[in-house]
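Student: One structure coming up, written as structure tokens, with questions to follow.
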Amino acid sequence: MCIRDRTYIAALLICNILSGILTSIELLLSQNFLNSLTVFLSGYITIETLLFWLISIFLASVAMSGCTYVSSCLNSLVSDKFNLYITNRILEKTTFFSMKEYDNVDLYNKIHLALEETPNRCLTLLTTLFSTVRLTTQLIGITILIANYNVLILLVCIVTSIPMLRLSNRAVSYTHLRAHETRSNL
């Protein structure tokens, strides 16, 4: 892979981090807008303050949409680059095969399997990594917002989410087992 390909991956990572940060910023702006709306209804602030928060929320949403679009484009570009890289590597290795070796069904199936599955596995790994980075960034931001609001609410959220984590692990494990069962049945 060349430096430019690594740049695309770094840009994709940065987009996912920004997306996670923008989620927390949107929540913070929404909270300030709602607080301003309450104060506005009491008659203590002007409509300009209310409009400021509303425009800020809109701009954060536009930035989030832009980040999502750029991330989608970069993801597609990285996907194409991975497919090209892996195809070229396999072609380099198979260039020296004789025609007789291509008659071997096992060898042909292995080459075909490598061309089909390897890019998907790499992309699944990258997608999972980037999603984890984005979600972790969102979780940290939301945790900070909740902790600033009320630590007791944060503790209740943590305690109530523990059973959900255990349930989601069971669902993934069951799905994983079903995939192995289906594969062995083929």
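Labeling convention for the structure tokens: chains A, B, ... as they appear, residues from 1 per chain, ligands from 1 in order of appearance.
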Name all residues at most 12 Å from Val156 in chain A (count only C-alpha atoms; drop same-chain ones fewer than 6 positions away) and give them as a PyMOL selection string.
Tutor: chain A and resi 143+146-147+150+162
Student: Kindly indicate which residue among A:Ser61, A:Thr94, A:Phe33, A:Glu116 lies nearest to Glu48 in chain A, using only C-alpha atoms for the distances.
Tutor: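 Comparing A:Ser61, A:Thr94, A:Phe33, A:Glu116 against Glu48 in chain A, the winner is A:Phe33.
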Student: Write out as a PDB file with N, CA and C atoms, in the first residue's frame which residues come within 8 Å of Cys15 in chain A when counting only C-alpha atoms, dropping same-chain ones fewer than 4 positions away.
Tutor:
ATOM      1  N   ALA A  11      -7.593   9.764   7.150  1.00  0.00           N
ATOM      2  CA  ALA A  11      -8.710  10.704   6.984  1.00  0.00           C
ATOM      3  C   ALA A  11     -10.026  10.066   7.409  1.00  0.00           C
ATOM      4  N   SER A  19     -17.059  12.767  13.878  1.00  0.00           N
ATOM      5  CA  SER A  19     -18.471  12.398  13.960  1.00  0.00           C
ATOM      6  C   SER A  19     -18.875  12.130  15.404  1.00  0.00           C
ATOM      7  N   CYS A  67     -19.569  15.310   7.446  1.00  0.00           N
ATOM      8  CA  CYS A  67     -18.621  14.313   7.958  1.00  0.00           C
ATOM      9  C   CYS A  67     -19.067  12.906   7.554  1.00  0.00           C
ATOM     10  N   THR A  68     -20.353  12.646   7.631  1.00  0.00           N
ATOM     11  CA  THR A  68     -20.893  11.344   7.243  1.00  0.00           C
ATOM     12  C   THR A  68     -20.698  11.103   5.750  1.00  0.00           C
ATOM     13  N   VAL A  70     -18.386  12.528   3.704  1.00  0.00           N
ATOM     14  CA  VAL A  70     -16.959  12.349   3.437  1.00  0.00           C
ATOM     15  C   VAL A  70     -16.511  10.962   3.900  1.00  0.00           C
ATOM     16  N   SER A  71     -17.003  10.537   5.045  1.00  0.00           N
ATOM     17  CA  SER A  71     -16.663   9.217   5.565  1.00  0.00           C
ATOM     18  C   SER A  71     -17.142   8.120   4.611  1.00  0.00           C
TER      19      SER A  71
END
Student: Could you jot down the CA of Leu37 in chain A to CA of Trp53 in chain A separation for me, Å, one decimal place?
Tutor: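 It comes out at 9.5 Å.
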Student: Choose the residue, out of A:Glu92, A:Phe82, A:Ile111, A:Thr136, that has the smallest atom-to-atom separation from Thr124 in chain A; count only C-alpha atoms.
Tutor: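 Closest to Thr124 in chain A, using only C-alpha atoms: A:Phe82.
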Student: Would you pick out the contacts of Ile158 in chain A at 12 Å or less, using only C-alpha atoms, so that residues sharing its chain but fewer than 5 positions from it are not included, and give the list as a ChimeraX atom specification?
Tutor: /A:139,143,146-147,151-153,163-165
